[in-house]
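S.K.: Handing you a structure now.
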Amino acid sequence: MVLSGGCTAADFRDVFKKNIERRVRSLPEIDGLSKETVLSSWMAKYDAVARGDQDLRRQPPQLSSVSELILSKEQLYQMFQTILGVNKLQHQLLYNACQLDNVDEQAAQIRRELVGRLQAAERLAQERRVPPLVDPGLEEQYVEELRSTVNLLMSNLESLPVSKGGPDLRHKLKRSSINTSFLDPGDEGDTLSKADVVLSFTLEVMVVEVQGLRSLAPNRIVYCTMEVEGGDKLQTDQAEASRPQWGTQGDFSTTQPLPFVKVKLFTETTGVLALEDKELGRVVLNPTPNGPKQPEFHRMNVSKSSVDSELRIKLAVRMDKPPNMKHCGYLHALGQRVWKRWRRRYFVLVQV
C-alpha cells in the first residue's frame, strides 16, 4: 500500500475481512449459529455499505433477510452472558434482588445513591482531597455546593407522592412528630385503612407420622385432624396404632399473618354410647413465611393422666409469602397509648 501510493476498494474489503475473521474466531460457540454465517453476514453488510444508497434502494428485501441472519435477540443475550461470565440463574437473582421495576424500589435505590454522594462529599471535606482550584479559598465553597446539590435532589425525591395502586389513587404519608409513636394504630387523620393492607396467605400442612403412642393396642384405629384459624377442618386417612403414618397434606388459605394451626390426634371409640372419638393429643403452631419448610417433630400436649407423655408428631407447615409483603418477624416494641410494656411482637412490612 505504501509503495503503490494508494489502495482500492478490494484492499479495504480484505482488511475488513481479516479483522472480522479474527474477531469472530475469538467469540465462543453459539448453538444454532455457525461462525461462517456470522462472517458472511458481516461481509454482506460491508458490501451493502460500500455500494452506496443506490444498491440499498435496489435490493431492500435481500438486506433485510441478511440482517435477520446476523444474531437474534436470544443469541445476543447468550453471547453477552458468555462474555461477562454470568449465567441465566445469576442474572435472574440479581434482577430479583434489585427489583428496579418497582417505583418504591427505584426511589430507595436513588436515596441510597444520594446518601453515598453526601458521604463522599464529607470525606472530601475531612481529608481535603478537593480537586485543584484557582483560588484555595474556594475549597469550602466547592464542598458546600456538593452538599446543596445532594440535598436539593433529596428534597425533590421526598416531595414525590406515594402512589397506591395507580396514578389516580395517591396517599401522602403522614409525617409524625418526635413524640408520636408509629406503633400506635389509633392516630387520626389521613391514614391507611385495614382494607389497604389485607394479605392473603396460602398454607400447606402435611402430617407425616406420630411417635411415642403406647396407650393403645396395635390394632386400634387412629387419625389426625388439622385446621387453621377461621378455616375448615380436614382429616387424614385412618391408620393402625402400630404404624401411625400418613403423609397427608391439607391446603388452607387465611388472611391472618400469624395464624393458629391446630393438629389433633384421635382414636376411634368402640363404645356403643360414645358420641365422639377420643382425643389423644394436640399441638398448636404459629407458622410464618420465614419458618422451616422441612418436616419437624413437635411435642403434643396430652392430658395429665395419659401414659403417652413422650407423644410427638412430625409435621411440615409451609406458608407462602404474598407479593405485597416485603418482610416479617418479631421485634420488641413499646407503644404510646396502646402497648404500654416492652414485649416481643410480630411485625409485617406491607407495601401499599
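In the C-alpha cells, the first chain shown is A, the next is B, and so on; residue numbers restart at 1 for each chain, and ligands run from 1 in the order shown.
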Counting only C-alpha atoms, what is within 10 Å of Arg23 in chain A, bar same-chain residues fewer than 5 positions away, as a list in words?

M.R.: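 Non-adjacent residues within range: Lys17, Lys18 and Leu39 of chain A.
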
S.K.: Put those residues in a file: C-alpha atoms, as a PDB file, in the first residue's frame.

M.R.:
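Result went into again-v3.pdb, see below:
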ATOM      1  CA  LYS A  17     -12.471  -9.273   6.286  1.00  0.00           C
ATOM      2  CA  LYS A  18      -9.262 -10.110   8.165  1.00  0.00           C
ATOM      3  CA  LEU A  39     -18.744 -13.810   8.918  1.00  0.00           C
TER       4      LEU A  39
END

S.K.: What parts of range 199-242 of chain A does DSSP call strand (DSSP E or B)? I'd like the answer as a count of residues only.

M.R.: 24

S.K.: Using only C-alpha atoms, can you tell me which of A:Lys262, A:Lys278, A:Arg337, A:Lys45 comes closest to Asp232 in chain A?

M.R.: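 Comparing A:Lys262, A:Lys278, A:Arg337, A:Lys45 against Asp232 in chain A, the winner is A:Lys262.
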
S.K.: Separation of CA of Leu124 in chain A and CA of Ile110 in chain A, in Å?

M.R.: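 These atoms are spaced 21.1 Å apart.
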
S.K.: Mind checking which residues fall within 12 Å of Ala50 in chain A, counting only C-alpha atoms, ignoring those fewer than 5 positions away in the same chain, and posting them as a VMD selection string?

M.R.: chain A and resid 8 to 10 12 to 13 16 43 to 45 55 to 56

S.K.: Within 9 Å of Leu258 in chain A, counting only C-alpha atoms, which residues show up once you throw out same-chain ones fewer than 3 positions away? Write them as a list in words, please.

M.R.: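 Counting only the stated atoms, we get Thr255, Asn286, Pro287, Thr288 and Tyr346 of chain A.
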
S.K.: Pick the closest to Asn324 in chain A from A:Val261, A:Thr248, A:Asn219, A:Leu199: which is it, counting only C-alpha atoms?

M.R.: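 Comparing A:Val261, A:Thr248, A:Asn219, A:Leu199 against Asn324 in chain A, the winner is A:Leu199.
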
S.K.: What lies within 7 Å of Val283 in chain A using only C-alpha atoms, ignoring chain neighbours under 6 positions off, as a list in words?

M.R.: Lys262, Val263, Lys264, Met300 and Asn301 of chain A

S.K.: Contacts of Cys328 in chain A at 10 Å or less, counting only C-alpha atoms, minus same-chain residues fewer than 2 places along, as a list in words?

M.R.: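 These residues fall inside the cut-off: Pro257, Leu258, Thr288, Pro289, Asn290, Lys321, Met325, Lys326, Tyr330, Leu331, Tyr346, Phe347, Val348, Leu349 and Val350 of chain A.
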
S.K.: Could you write out that same residue set with all heavy atoms as a CSV table (one decimal), in the first residue's frame?

M.R.:
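Resulting contents of selection-v1.csv:
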chain,number,residue,atom,x,y,z
A,257,PRO,N,-51.8,-12.9,59.4
A,257,PRO,CA,-50.4,-13.0,59.2
A,257,PRO,C,-49.7,-14.0,60.1
A,257,PRO,O,-48.6,-14.5,59.8
A,257,PRO,CB,-49.9,-11.6,59.3
A,257,PRO,CG,-50.9,-10.9,60.2
A,257,PRO,CD,-52.2,-11.6,59.9
A,258,LEU,N,-50.3,-14.2,61.3
A,258,LEU,CA,-49.7,-15.2,62.2
A,258,LEU,C,-50.9,-16.1,62.7
A,258,LEU,O,-51.4,-16.0,63.8
A,258,LEU,CB,-49.2,-14.4,63.5
A,258,LEU,CG,-48.3,-15.2,64.4
A,258,LEU,CD1,-47.0,-15.7,63.6
A,258,LEU,CD2,-47.9,-14.4,65.6
A,288,THR,N,-44.9,-19.0,60.1
A,288,THR,CA,-44.5,-17.8,59.5
A,288,THR,C,-43.9,-18.1,58.1
A,288,THR,O,-43.4,-19.2,57.9
A,288,THR,CB,-43.6,-16.9,60.3
A,288,THR,OG1,-42.3,-17.7,60.4
A,288,THR,CG2,-44.2,-16.6,61.7
A,289,PRO,N,-43.9,-17.2,57.2
A,289,PRO,CA,-43.3,-17.4,55.9
A,289,PRO,C,-41.8,-17.7,56.0
A,289,PRO,O,-41.2,-18.3,55.1
A,289,PRO,CB,-43.5,-16.2,55.1
A,289,PRO,CG,-44.8,-15.6,55.7
A,289,PRO,CD,-44.7,-15.9,57.1
A,290,ASN,N,-41.1,-17.2,57.1
A,290,ASN,CA,-39.7,-17.4,57.3
A,290,ASN,C,-39.4,-18.8,58.0
A,290,ASN,O,-38.2,-19.0,58.3
A,290,ASN,CB,-39.1,-16.3,58.1
A,290,ASN,CG,-39.3,-15.0,57.4
A,290,ASN,OD1,-39.4,-14.9,56.2
A,290,ASN,ND2,-39.5,-13.9,58.2
A,321,LYS,N,-45.4,-16.4,51.1
A,321,LYS,CA,-45.4,-15.0,51.3
A,321,LYS,C,-46.1,-14.3,50.2
A,321,LYS,O,-45.7,-14.5,49.0
A,321,LYS,CB,-44.0,-14.5,51.4
A,321,LYS,CG,-43.9,-13.0,51.8
A,321,LYS,CD,-42.4,-12.6,52.1
A,321,LYS,CE,-41.6,-12.6,50.8
A,321,LYS,NZ,-40.3,-12.1,51.0
A,325,MET,N,-46.1,-8.3,50.6
A,325,MET,CA,-45.5,-8.4,51.9
A,325,MET,C,-44.0,-8.5,51.7
A,325,MET,O,-43.5,-9.4,51.1
A,325,MET,CB,-46.0,-9.5,52.7
A,325,MET,CG,-45.5,-9.5,54.2
A,325,MET,SD,-46.0,-11.0,55.1
A,325,MET,CE,-44.8,-12.1,54.5
A,326,LYS,N,-43.2,-7.5,52.2
A,326,LYS,CA,-41.8,-7.4,52.0
A,326,LYS,C,-41.0,-8.2,53.0
A,326,LYS,O,-40.0,-8.9,52.7
A,326,LYS,CB,-41.3,-6.0,51.9
A,326,LYS,CG,-41.9,-5.2,50.8
A,326,LYS,CD,-41.5,-5.9,49.5
A,326,LYS,CE,-42.0,-5.1,48.3
A,326,LYS,NZ,-41.6,-5.7,47.0
A,330,TYR,N,-40.2,-10.9,64.4
A,330,TYR,CA,-40.5,-10.5,65.7
A,330,TYR,C,-39.6,-9.4,66.1
A,330,TYR,O,-38.4,-9.4,65.8
A,330,TYR,CB,-40.3,-11.7,66.7
A,330,TYR,CG,-41.4,-12.7,66.7
A,330,TYR,CD1,-41.3,-13.8,65.9
A,330,TYR,CD2,-42.6,-12.5,67.4
A,330,TYR,CE1,-42.3,-14.8,65.8
A,330,TYR,CE2,-43.6,-13.5,67.4
A,330,TYR,CZ,-43.5,-14.6,66.5
A,330,TYR,OH,-44.5,-15.5,66.5
A,331,LEU,N,-40.2,-8.4,66.8
A,331,LEU,CA,-39.4,-7.2,67.4
A,331,LEU,C,-39.9,-6.9,68.7
A,331,LEU,O,-41.1,-7.1,69.0
A,331,LEU,CB,-39.5,-6.0,66.5
A,331,LEU,CG,-38.9,-6.1,65.1
A,331,LEU,CD1,-39.3,-4.8,64.3
A,331,LEU,CD2,-37.4,-6.2,65.2
A,346,TYR,N,-45.0,-9.4,66.8
A,346,TYR,CA,-44.8,-9.8,65.4
A,346,TYR,C,-45.2,-8.7,64.5
A,346,TYR,O,-46.3,-8.1,64.6
A,346,TYR,CB,-45.7,-11.0,65.2
A,346,TYR,CG,-45.5,-11.7,63.8
A,346,TYR,CD1,-44.4,-12.4,63.6
A,346,TYR,CD2,-46.4,-11.5,62.8
A,346,TYR,CE1,-44.1,-13.0,62.3
A,346,TYR,CE2,-46.2,-12.1,61.6
A,346,TYR,CZ,-45.1,-12.9,61.3
A,346,TYR,OH,-44.9,-13.5,60.1
A,347,PHE,N,-44.3,-8.3,63.6
A,347,PHE,CA,-44.5,-7.2,62.7
A,347,PHE,C,-44.4,-7.7,61.3
A,347,PHE,O,-43.7,-8.7,60.9
A,347,PHE,CB,-43.4,-6.1,62.9
A,347,PHE,CG,-43.5,-5.3,64.1
A,347,PHE,CD1,-43.1,-5.7,65.3
A,347,PHE,CD2,-44.1,-4.0,64.0
A,347,PHE,CE1,-43.2,-4.9,66.4
A,347,PHE,CE2,-44.3,-3.3,65.1
A,347,PHE,CZ,-43.8,-3.7,66.3
A,348,VAL,N,-45.2,-7.0,60.4
A,348,VAL,CA,-45.3,-7.3,59.0
A,348,VAL,C,-45.1,-6.1,58.2
A,348,VAL,O,-45.8,-5.1,58.4
A,348,VAL,CB,-46.6,-8.0,58.6
A,348,VAL,CG1,-46.7,-8.2,57.1
A,348,VAL,CG2,-46.8,-9.3,59.3
A,349,LEU,N,-44.1,-6.1,57.3
A,349,LEU,CA,-43.9,-4.9,56.4
A,349,LEU,C,-44.6,-5.1,55.1
A,349,LEU,O,-44.3,-6.0,54.4
A,349,LEU,CB,-42.4,-4.8,56.2
A,349,LEU,CG,-41.9,-3.6,55.3
A,349,LEU,CD1,-42.4,-2.3,55.9
A,349,LEU,CD2,-40.4,-3.6,55.1
A,350,VAL,N,-45.6,-4.2,54.9
A,350,VAL,CA,-46.5,-4.4,53.7
A,350,VAL,C,-46.3,-3.2,52.8
A,350,VAL,O,-46.2,-2.0,53.2
A,350,VAL,CB,-48.0,-4.5,54.2
A,350,VAL,CG1,-48.9,-4.7,53.0
A,350,VAL,CG2,-48.2,-5.6,55.2

S.K.: Name all residues at most 12 Å from range 243-247 of chain A (count only C-alpha atoms; drop same-chain ones fewer than 4 positions away) and give them as a ChimeraX atom specification.

M.R.: /A:205-214,216-225,235-239,265-267,295,311-316

S.K.: Could you turn the residues from that selection into a file that holds N, CA and C atoms, as a compact mmCIF listing (two decimals), in the first residue's frame?

M.R.:
# COMPACT_ATOMS: atom_id res chain seq x y z
N VAL A 205 -50.23 -27.87 55.14
CA VAL A 205 -49.97 -28.62 56.38
C VAL A 205 -49.91 -30.11 56.01
N MET A 206 -48.78 -30.73 56.28
CA MET A 206 -48.60 -32.15 55.98
C MET A 206 -48.33 -32.91 57.27
N VAL A 207 -49.17 -33.92 57.54
CA VAL A 207 -48.99 -34.80 58.70
C VAL A 207 -48.23 -36.03 58.23
N VAL A 208 -47.06 -36.26 58.79
CA VAL A 208 -46.21 -37.37 58.33
C VAL A 208 -46.40 -38.61 59.19
N GLU A 209 -46.12 -38.49 60.50
CA GLU A 209 -46.22 -39.66 61.37
C GLU A 209 -46.31 -39.20 62.82
N VAL A 210 -46.60 -40.18 63.68
CA VAL A 210 -46.68 -39.97 65.13
C VAL A 210 -45.79 -41.01 65.80
N GLN A 211 -45.05 -40.57 66.81
CA GLN A 211 -44.18 -41.45 67.58
C GLN A 211 -44.49 -41.33 69.06
N GLY A 212 -44.24 -42.41 69.79
CA GLY A 212 -44.46 -42.42 71.24
C GLY A 212 -45.87 -42.79 71.65
N LEU A 213 -46.63 -43.45 70.77
CA LEU A 213 -48.00 -43.85 71.08
C LEU A 213 -47.96 -45.24 71.75
N ARG A 214 -48.22 -45.29 73.06
CA ARG A 214 -48.09 -46.54 73.82
C ARG A 214 -49.38 -46.95 74.52
N LEU A 216 -52.38 -47.41 73.36
CA LEU A 216 -53.38 -48.12 72.57
C LEU A 216 -52.85 -49.47 72.11
N ALA A 217 -53.80 -50.36 71.84
CA ALA A 217 -53.45 -51.65 71.27
C ALA A 217 -52.98 -51.46 69.83
N PRO A 218 -52.15 -52.38 69.31
CA PRO A 218 -51.61 -52.19 67.96
C PRO A 218 -52.68 -52.15 66.88
N ASN A 219 -53.84 -52.80 67.10
CA ASN A 219 -54.86 -52.85 66.06
C ASN A 219 -55.89 -51.72 66.16
N ARG A 220 -55.73 -50.81 67.08
CA ARG A 220 -56.67 -49.69 67.20
C ARG A 220 -56.47 -48.70 66.05
N ILE A 221 -57.54 -48.01 65.66
CA ILE A 221 -57.52 -47.07 64.55
C ILE A 221 -57.31 -45.65 65.08
N VAL A 222 -56.36 -44.95 64.47
CA VAL A 222 -56.08 -43.55 64.85
C VAL A 222 -56.11 -42.71 63.57
N TYR A 223 -56.35 -41.43 63.75
CA TYR A 223 -56.32 -40.47 62.64
C TYR A 223 -56.05 -39.08 63.21
N CYS A 224 -55.75 -38.14 62.35
CA CYS A 224 -55.44 -36.77 62.75
C CYS A 224 -56.38 -35.80 62.03
N THR A 225 -56.64 -34.69 62.69
CA THR A 225 -57.39 -33.59 62.10
C THR A 225 -56.53 -32.33 62.15
N GLN A 235 -59.25 -33.93 57.65
CA GLN A 235 -58.93 -35.16 58.36
C GLN A 235 -58.06 -36.04 57.48
N THR A 236 -57.11 -36.73 58.11
CA THR A 236 -56.25 -37.67 57.40
C THR A 236 -56.94 -39.02 57.26
N ASP A 237 -56.28 -39.92 56.57
CA ASP A 237 -56.79 -41.28 56.48
C ASP A 237 -56.60 -42.00 57.81
N GLN A 238 -57.26 -43.12 57.93
CA GLN A 238 -57.14 -43.92 59.14
C GLN A 238 -55.91 -44.82 59.06
N ALA A 239 -55.30 -45.04 60.21
CA ALA A 239 -54.12 -45.90 60.29
C ALA A 239 -54.16 -46.66 61.60
N LEU A 265 -54.78 -35.51 67.41
CA LEU A 265 -54.71 -36.96 67.19
C LEU A 265 -55.88 -37.62 67.91
N PHE A 266 -56.67 -38.42 67.17
CA PHE A 266 -57.85 -39.09 67.72
C PHE A 266 -57.72 -40.60 67.52
N THR A 267 -58.49 -41.29 68.33
CA THR A 267 -58.67 -42.73 68.17
C THR A 267 -60.15 -43.04 68.19
N PRO A 295 -40.12 -31.20 57.18
CA PRO A 295 -40.89 -31.77 58.30
C PRO A 295 -40.06 -31.80 59.58
N LEU A 311 -45.35 -38.24 73.52
CA LEU A 311 -46.03 -38.30 72.24
C LEU A 311 -45.56 -37.14 71.36
N ARG A 312 -45.08 -37.48 70.16
CA ARG A 312 -44.58 -36.49 69.22
C ARG A 312 -45.21 -36.72 67.84
N ILE A 313 -45.34 -35.64 67.10
CA ILE A 313 -45.91 -35.72 65.76
C ILE A 313 -44.99 -34.97 64.81
N LYS A 314 -44.82 -35.52 63.63
CA LYS A 314 -43.95 -34.95 62.61
C LYS A 314 -44.80 -34.20 61.60
N LEU A 315 -44.59 -32.89 61.51
CA LEU A 315 -45.39 -32.03 60.65
C LEU A 315 -44.48 -31.20 59.75
N ALA A 316 -45.04 -30.84 58.61
CA ALA A 316 -44.40 -29.90 57.68
C ALA A 316 -45.41 -28.81 57.36

S.K.: Report the distance between CA of Arg147 in chain A and CA of Arg117 in chain A in Å, rounded to one decimal place.

M.R.: 8.6 Å

S.K.: Choose the residue, out of A:Ser305, A:Glu158, A:Ser26, A:Val317, that has the smallest atom-to-atom separation from Glu227 in chain A; count only C-alpha atoms.

M.R.: A:Val317

S.K.: Rank A:Glu240, A:Pro322, A:Arg123, A:Val115 by their smallest atom-to-atom distance to Leu203 in chain A, using only C-alpha atoms, and report the top residue only.

M.R.: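 Smallest distance to Leu203 in chain A is found for A:Pro322.
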